[in-house]
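Worksheet: the structure to be examined is printed underneath.
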Amino acid sequence: MVNTGFNLNLIEDIPELEQLNLDTGRRYLAKDGSIPEPGYPSVTTVLGADKSNEAGLRKWRERVGEEEANKISFRATSRGTAVHQILEDYILGQEPKTKPMPIHMDMASGLKKFADRYIDNVRMVEGQIFSHHLRVAGTVDLVADFDGQPAIIDWKTANYPKKKNNINNYFKQESAYAVMFEERTGIPVKKLVTLVAYPDGTQMFVEDRDDWIDDFIQLREMYDTQLQGDA
């Protein structure tokens with residue numbers, strides 16, 4: 001049965017973006033010309049300026065082997081895409097275009113329970129937004145009221161439960177989306193909600209935008225410095 005239980009108050013008057021996949025990462029231009037050339041980097045591209053996890057990732061790839069690492073990464077990406085699509089269809093009350101795999105449905109079911117309990121007044125689903133102040137653009141999973149307060153809501157999937165100190169970049173990413181959304185709409189959003197589905201359960205992390213946005217701004221400046229160094 002298709003869900004129709006959410007109040008949808010979707011904001012749709014934001015300029016449409018054009019995605020550019022370049023050697024330096026993903027960038028966006030606005031089709032109405034409101035983003036200057038060469039476009040704004042995506043939020044995830046900016047987060048890539050943080051090299052603190054590179055050594056650990058490199059050691060992991062060496063340990064499991066390049067071929068196996070690529071298989072694991074592909075499965076994780078496919079899983080995340082599938083679960084995101086399930087949640088998008090569920091929130092919008094639309095029929096799925098494809099039949100999801102049972103393991104993806106199982107992981108999404110835990111996220112749906114949180115959605116049913118906490119989410120209402122949906123303003124944006126997989127929405128493209130940008131900020132002239134931060135000079136970034138990207139696609140936010142969900143903007144809606146969460147337990148009665150406007151929130152940036154991010155769906156994540158994982159093999160195991162996450163520890164908060166290992167997912168700081170999630171919160172930085174969401175803080176940027178909060179600023180971007182407010183700049184485009186005039187609606188302040190301070191609550192950041194990360195919902196993580198893994199095979200045996202679901203986790204929820206709730207943070208405040210103001211605790212993380214300065215860290216994102218530092219990464220944005222670091223990204224520019226690295227780009228100039230590579231020029």
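As shown in the structure tokens, the chain order sets the letters A, B, ...; within each chain, residues go from 1, and ligands are also counted from 1 in the order they appear.
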
Original post:
Please, which residues of region 11-230 of chain A, numbered as in this document, come out alpha helix (DSSP H) from DSSP, as number ranges by chain?
Top reply: A: 43-47, 54-64, 66-92, 102-118, 168-185, 213-230

Could you make a table, as a tab-separated table, of the residues of region 45-162 of chain A that have an atom within 10 Å of an atom of region 173-184 of chain A, each with its nearest atom pair and distance in Å to one decimal, counting only C-alpha atoms, in chain and number order?
residue	atom	partner	partner_atom	distance
A:Val46	CA	A:Gln173	CA	9.2
A:Leu47	CA	A:Gln173	CA	7.5
A:Met124	CA	A:Phe181	CA	9.5
A:Gly127	CA	A:Phe181	CA	9.6
A:Gln128	CA	A:Phe181	CA	9.4
A:Ile129	CA	A:Met180	CA	6.2
A:Phe130	CA	A:Met180	CA	5.3
A:Ser131	CA	A:Met180	CA	4.8
A:His132	CA	A:Glu183	CA	8.3
A:His133	CA	A:Glu183	CA	8.3
A:Leu134	CA	A:Ala176	CA	7.8
A:Arg135	CA	A:Met180	CA	9.4
A:Val136	CA	A:Met180	CA	8.2
A:Ala137	CA	A:Met180	CA	7.8
A:Gly138	CA	A:Tyr177	CA	7.8
A:Thr139	CA	A:Tyr177	CA	8.2
A:Val140	CA	A:Tyr177	CA	6.5
A:Asp141	CA	A:Tyr177	CA	9.6
A:Leu142	CA	A:Tyr177	CA	10.0
A:Val143	CA	A:Phe181	CA	8.5
A:Pro150	CA	A:Ala178	CA	9.7
A:Ala151	CA	A:Ala178	CA	7.9
A:Ile152	CA	A:Ala178	CA	6.3
A:Ile153	CA	A:Glu174	CA	7.8
A:Asp154	CA	A:Glu174	CA	7.4

Same residues, N, CA, C and O atoms, output as a CSV table (one decimal), in the first residue's frame:
chain,number,residue,atom,x,y,z
A,46,VAL,N,33.3,19.2,-1.4
A,46,VAL,CA,34.0,20.0,-0.4
A,46,VAL,C,34.4,19.2,0.8
A,46,VAL,O,35.5,19.3,1.3
A,47,LEU,N,33.6,18.3,1.2
A,47,LEU,CA,33.9,17.4,2.3
A,47,LEU,C,35.1,16.5,2.0
A,47,LEU,O,35.9,16.1,2.9
A,124,MET,N,10.8,19.5,1.2
A,124,MET,CA,11.6,19.2,0.1
A,124,MET,C,12.1,17.8,0.2
A,124,MET,O,12.4,17.3,1.3
A,127,GLY,N,15.9,17.4,-2.9
A,127,GLY,CA,15.8,18.8,-3.5
A,127,GLY,C,17.2,19.4,-3.8
A,127,GLY,O,18.1,19.3,-2.9
A,128,GLN,N,17.3,20.0,-4.9
A,128,GLN,CA,18.6,20.7,-5.3
A,128,GLN,C,18.6,22.1,-4.7
A,128,GLN,O,17.6,22.8,-5.0
A,129,ILE,N,19.6,22.4,-4.0
A,129,ILE,CA,19.7,23.8,-3.4
A,129,ILE,C,21.1,24.3,-3.5
A,129,ILE,O,22.1,23.5,-3.8
A,130,PHE,N,21.3,25.6,-3.3
A,130,PHE,CA,22.7,26.1,-3.3
A,130,PHE,C,22.7,27.4,-2.4
A,130,PHE,O,21.7,27.9,-2.0
A,131,SER,N,24.0,27.8,-2.2
A,131,SER,CA,24.2,29.0,-1.3
A,131,SER,C,25.3,29.9,-1.9
A,131,SER,O,26.4,29.4,-2.2
A,132,HIS,N,25.0,31.1,-2.1
A,132,HIS,CA,26.0,32.1,-2.6
A,132,HIS,C,26.9,32.4,-1.4
A,132,HIS,O,28.1,32.7,-1.6
A,133,HIS,N,26.4,32.4,-0.2
A,133,HIS,CA,27.3,32.6,1.0
A,133,HIS,C,28.3,31.5,1.2
A,133,HIS,O,29.5,31.9,1.4
A,134,LEU,N,27.9,30.3,1.1
A,134,LEU,CA,28.9,29.2,1.2
A,134,LEU,C,29.6,28.8,-0.1
A,134,LEU,O,30.6,28.1,-0.1
A,135,ARG,N,29.0,29.2,-1.2
A,135,ARG,CA,29.5,28.9,-2.5
A,135,ARG,C,29.5,27.4,-2.7
A,135,ARG,O,30.5,26.8,-3.2
A,136,VAL,N,28.4,26.8,-2.4
A,136,VAL,CA,28.3,25.3,-2.6
A,136,VAL,C,26.9,25.0,-3.1
A,136,VAL,O,26.0,25.9,-3.1
A,137,ALA,N,26.7,23.8,-3.6
A,137,ALA,CA,25.4,23.4,-4.1
A,137,ALA,C,25.3,21.9,-3.8
A,137,ALA,O,26.3,21.2,-3.4
A,138,GLY,N,24.1,21.3,-3.9
A,138,GLY,CA,23.9,19.9,-3.6
A,138,GLY,C,22.5,19.5,-3.6
A,138,GLY,O,21.5,20.3,-3.8
A,139,THR,N,22.3,18.2,-3.2
A,139,THR,CA,20.9,17.6,-3.1
A,139,THR,C,20.7,17.2,-1.7
A,139,THR,O,21.4,16.3,-1.2
A,140,VAL,N,19.7,17.7,-1.1
A,140,VAL,CA,19.3,17.4,0.3
A,140,VAL,C,18.3,16.2,0.3
A,140,VAL,O,17.4,16.2,-0.6
A,141,ASP,N,18.5,15.2,1.1
A,141,ASP,CA,17.5,14.1,1.2
A,141,ASP,C,16.1,14.5,1.5
A,141,ASP,O,15.2,14.2,0.8
A,142,LEU,N,16.0,15.3,2.6
A,142,LEU,CA,14.6,15.6,3.1
A,142,LEU,C,14.7,16.8,4.0
A,142,LEU,O,15.6,16.9,4.8
A,143,VAL,N,13.8,17.8,3.7
A,143,VAL,CA,13.6,18.9,4.7
A,143,VAL,C,12.1,18.8,5.1
A,143,VAL,O,11.2,18.8,4.3
A,150,PRO,N,11.4,22.2,12.3
A,150,PRO,CA,12.1,22.1,10.9
A,150,PRO,C,13.4,21.5,11.0
A,150,PRO,O,14.2,21.8,11.9
A,151,ALA,N,13.7,20.5,10.1
A,151,ALA,CA,15.0,19.8,10.2
A,151,ALA,C,15.5,19.4,8.8
A,151,ALA,O,14.7,19.2,7.9
A,152,ILE,N,16.8,19.3,8.8
A,152,ILE,CA,17.4,18.6,7.6
A,152,ILE,C,17.5,17.1,8.0
A,152,ILE,O,18.1,16.8,9.1
A,153,ILE,N,17.0,16.2,7.2
A,153,ILE,CA,17.0,14.8,7.5
A,153,ILE,C,17.7,14.1,6.5
A,153,ILE,O,17.5,14.2,5.3
A,154,ASP,N,18.7,13.2,6.9
A,154,ASP,CA,19.6,12.5,6.0
A,154,ASP,C,19.5,11.0,6.3
A,154,ASP,O,19.6,10.6,7.4

Original post:
Distance CA of Val196 (chain A)-CA of Lys113 (chain A), one decimal place?
Top reply: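 CA of Lys113 (chain A) lies at a distance of 12.3 Å from CA of Val196 (chain A).
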
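For Met101 (chain A), the non-local neighbours within 12 Å, defined as residues at least 3 positions apart in the same chain or in other chains and counting only C-alpha atoms, are A:Ser78, A:Arg79, A:Thr81, A:Ala82, A:Val83, A:Gln85, A:Ile86, A:Thr98, A:His104, A:Met105, A:Asp106, A:Met107, A:Ala108.
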
**OP:** Kindly indicate which residue among A:Met204, A:Leu227, A:Ile35, A:Leu111 lies nearest to Pro161 (chain A), using only C-alpha atoms for the distances.
**Re:**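 Between A:Met204, A:Leu227, A:Ile35, A:Leu111, the residue approaching Pro161 (chain A) most closely is A:Met204.
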
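Compared by their closest atoms to Asp116 (chain A), and using only C-alpha atoms, the residues A:Ser34, A:Asn159, A:Asn7, A:Asn169 rank with A:Asn7 nearest.
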
Original post:
Residues of region 77-124 of chain A in strand (DSSP E or B) according to DSSP, as an MDAnalysis selection string?
Top reply: chainID A and resid 119:124

Subject >> Polymer residues at most 12 Å from Lys162 (chain A), only C-alpha atoms, same-chain spacing of 3 or more positions, as an MDAnalysis selection string >> reply: chainID A and resid 156:159 165:168 170 194:198 201:205

How about saving the chosen residues, N, CA and C atoms kept, as a PDB file, in the first residue's frame?
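Just written: selection-v4.pdb:
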ATOM      1  N   LYS A 156      20.941   7.380   5.850  1.00  0.00           N
ATOM      2  CA  LYS A 156      22.225   6.721   5.646  1.00  0.00           C
ATOM      3  C   LYS A 156      22.039   5.213   5.787  1.00  0.00           C
ATOM      4  N   THR A 157      22.887   4.448   5.097  1.00  0.00           N
ATOM      5  CA  THR A 157      22.904   2.996   5.259  1.00  0.00           C
ATOM      6  C   THR A 157      24.314   2.559   5.631  1.00  0.00           C
ATOM      7  N   ALA A 158      24.418   1.461   6.359  1.00  0.00           N
ATOM      8  CA  ALA A 158      25.721   0.989   6.831  1.00  0.00           C
ATOM      9  C   ALA A 158      25.648  -0.513   7.089  1.00  0.00           C
ATOM     10  N   ASN A 159      26.824  -1.119   7.197  1.00  0.00           N
ATOM     11  CA  ASN A 159      26.888  -2.540   7.546  1.00  0.00           C
ATOM     12  C   ASN A 159      26.774  -2.764   9.043  1.00  0.00           C
ATOM     13  N   ASN A 165      31.553   9.871  16.817  1.00  0.00           N
ATOM     14  CA  ASN A 165      32.815  10.535  16.476  1.00  0.00           C
ATOM     15  C   ASN A 165      33.383  10.078  15.140  1.00  0.00           C
ATOM     16  N   ASN A 166      32.754   9.070  14.516  1.00  0.00           N
ATOM     17  CA  ASN A 166      33.200   8.625  13.199  1.00  0.00           C
ATOM     18  C   ASN A 166      32.367   9.193  12.055  1.00  0.00           C
ATOM     19  N   ILE A 167      31.334   9.965  12.390  1.00  0.00           N
ATOM     20  CA  ILE A 167      30.438  10.465  11.334  1.00  0.00           C
ATOM     21  C   ILE A 167      30.275  11.980  11.410  1.00  0.00           C
ATOM     22  N   ASN A 168      31.309  12.661  11.872  1.00  0.00           N
ATOM     23  CA  ASN A 168      31.230  14.120  11.968  1.00  0.00           C
ATOM     24  C   ASN A 168      30.943  14.772  10.617  1.00  0.00           C
ATOM     25  N   TYR A 170      28.965  13.775   8.373  1.00  0.00           N
ATOM     26  CA  TYR A 170      27.524  13.785   8.135  1.00  0.00           C
ATOM     27  C   TYR A 170      26.923  15.092   8.656  1.00  0.00           C
ATOM     28  N   THR A 194      20.176  12.616  11.512  1.00  0.00           N
ATOM     29  CA  THR A 194      20.792  11.554  10.718  1.00  0.00           C
ATOM     30  C   THR A 194      20.168  10.230  11.134  1.00  0.00           C
ATOM     31  N   LEU A 195      19.576   9.541  10.182  1.00  0.00           N
ATOM     32  CA  LEU A 195      18.977   8.230  10.441  1.00  0.00           C
ATOM     33  C   LEU A 195      19.770   7.182   9.680  1.00  0.00           C
ATOM     34  N   VAL A 196      20.356   6.241  10.421  1.00  0.00           N
ATOM     35  CA  VAL A 196      21.258   5.248   9.849  1.00  0.00           C
ATOM     36  C   VAL A 196      20.604   3.871   9.933  1.00  0.00           C
ATOM     37  N   ALA A 197      20.394   3.253   8.771  1.00  0.00           N
ATOM     38  CA  ALA A 197      19.853   1.892   8.729  1.00  0.00           C
ATOM     39  C   ALA A 197      20.991   0.911   8.509  1.00  0.00           C
ATOM     40  N   TYR A 198      21.020  -0.132   9.313  1.00  0.00           N
ATOM     41  CA  TYR A 198      21.981  -1.219   9.131  1.00  0.00           C
ATOM     42  C   TYR A 198      21.199  -2.532   9.264  1.00  0.00           C
ATOM     43  N   GLY A 201      19.181  -3.034  12.594  1.00  0.00           N
ATOM     44  CA  GLY A 201      18.486  -1.968  13.295  1.00  0.00           C
ATOM     45  C   GLY A 201      18.641  -0.607  12.641  1.00  0.00           C
ATOM     46  N   THR A 202      18.239   0.424  13.390  1.00  0.00           N
ATOM     47  CA  THR A 202      18.284   1.806  12.902  1.00  0.00           C
ATOM     48  C   THR A 202      18.743   2.714  14.031  1.00  0.00           C
ATOM     49  N   GLN A 203      19.606   3.659  13.697  1.00  0.00           N
ATOM     50  CA  GLN A 203      20.092   4.642  14.677  1.00  0.00           C
ATOM     51  C   GLN A 203      19.591   6.029  14.318  1.00  0.00           C
ATOM     52  N   MET A 204      19.486   6.876  15.343  1.00  0.00           N
ATOM     53  CA  MET A 204      19.134   8.277  15.140  1.00  0.00           C
ATOM     54  C   MET A 204      20.142   9.168  15.859  1.00  0.00           C
ATOM     55  N   PHE A 205      20.650  10.162  15.146  1.00  0.00           N
ATOM     56  CA  PHE A 205      21.526  11.171  15.730  1.00  0.00           C
ATOM     57  C   PHE A 205      20.882  12.531  15.474  1.00  0.00           C
TER      58      PHE A 205
END

**OP:** Could you jot down the CA of Leu8 (chain A) to CA of Ala115 (chain A) separation for me, Å, one decimal place?
**Re:** 13.3 Å

Original post:
Please, what distance in Å, to one decimal, runs between CA of Arg220 (chain A) and CA of Arg27 (chain A)?
Top reply: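 Between CA of Arg220 (chain A) and CA of Arg27 (chain A) the gap works out to 13.5 Å.
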
Original post:
Neighbours of Leu29 (chain A) within 8 Å (only C-alpha atoms; same-chain residues fewer than 6 positions away dropped), as a PyMOL selection string?
Top reply: chain A and resi 17-20+35-40

Subject >> Tyr118 (chain A) environment, 10 Å, only C-alpha atoms, sequence neighbours closer than 3 positions dropped, as JSON, numbers by chain >> reply: {"A": [112, 113, 114, 115, 144, 145, 146, 147, 148, 149]}

Okay, now the selection with N, CA, C and O atoms, as a PDB file, in the first residue's frame?
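The file below, result-v8.pdb, is the result:
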ATOM      1  N   LYS A 112      11.369   3.929   7.837  1.00  0.00           N
ATOM      2  CA  LYS A 112       9.959   4.306   7.707  1.00  0.00           C
ATOM      3  C   LYS A 112       9.294   4.477   9.075  1.00  0.00           C
ATOM      4  O   LYS A 112       8.440   5.351   9.262  1.00  0.00           O
ATOM      5  N   LYS A 113       9.696   3.636  10.044  1.00  0.00           N
ATOM      6  CA  LYS A 113       9.106   3.742  11.384  1.00  0.00           C
ATOM      7  C   LYS A 113       9.433   5.085  12.017  1.00  0.00           C
ATOM      8  O   LYS A 113       8.585   5.710  12.660  1.00  0.00           O
ATOM      9  N   PHE A 114      10.681   5.545  11.837  1.00  0.00           N
ATOM     10  CA  PHE A 114      11.043   6.865  12.345  1.00  0.00           C
ATOM     11  C   PHE A 114      10.268   7.951  11.595  1.00  0.00           C
ATOM     12  O   PHE A 114       9.827   8.932  12.197  1.00  0.00           O
ATOM     13  N   ALA A 115      10.132   7.780  10.281  1.00  0.00           N
ATOM     14  CA  ALA A 115       9.388   8.763   9.493  1.00  0.00           C
ATOM     15  C   ALA A 115       7.943   8.857   9.972  1.00  0.00           C
ATOM     16  O   ALA A 115       7.406   9.956  10.165  1.00  0.00           O
ATOM     17  N   ALA A 144      11.911  18.661   6.416  1.00  0.00           N
ATOM     18  CA  ALA A 144      10.561  18.488   6.948  1.00  0.00           C
ATOM     19  C   ALA A 144      10.591  18.789   8.441  1.00  0.00           C
ATOM     20  O   ALA A 144      11.667  18.948   9.036  1.00  0.00           O
ATOM     21  N   ASP A 145       9.419  18.858   9.041  1.00  0.00           N
ATOM     22  CA  ASP A 145       9.364  18.944  10.495  1.00  0.00           C
ATOM     23  C   ASP A 145       9.703  17.564  11.061  1.00  0.00           C
ATOM     24  O   ASP A 145       9.174  16.551  10.597  1.00  0.00           O
ATOM     25  N   PHE A 146      10.575  17.554  12.056  1.00  0.00           N
ATOM     26  CA  PHE A 146      10.937  16.320  12.745  1.00  0.00           C
ATOM     27  C   PHE A 146      10.644  16.525  14.217  1.00  0.00           C
ATOM     28  O   PHE A 146      11.255  17.376  14.871  1.00  0.00           O
ATOM     29  N   ASP A 147       9.687  15.800  14.726  1.00  0.00           N
ATOM     30  CA  ASP A 147       9.228  15.970  16.110  1.00  0.00           C
ATOM     31  C   ASP A 147       8.830  17.430  16.360  1.00  0.00           C
ATOM     32  O   ASP A 147       9.138  18.003  17.391  1.00  0.00           O
ATOM     33  N   GLY A 148       8.167  18.010  15.358  1.00  0.00           N
ATOM     34  CA  GLY A 148       7.603  19.349  15.521  1.00  0.00           C
ATOM     35  C   GLY A 148       8.505  20.510  15.177  1.00  0.00           C
ATOM     36  O   GLY A 148       8.077  21.661  15.258  1.00  0.00           O
ATOM     37  N   GLN A 149       9.752  20.252  14.767  1.00  0.00           N
ATOM     38  CA  GLN A 149      10.683  21.332  14.443  1.00  0.00           C
ATOM     39  C   GLN A 149      11.257  21.134  13.046  1.00  0.00           C
ATOM     40  O   GLN A 149      11.559  19.991  12.651  1.00  0.00           O
TER      41      GLN A 149
END

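The shortest atom-to-atom distance to Pro15 (chain A), with only C-alpha atoms taken into account, belongs to A:Thr185 out of A:Gln94, A:Thr185, A:Val43, A:Ala49.
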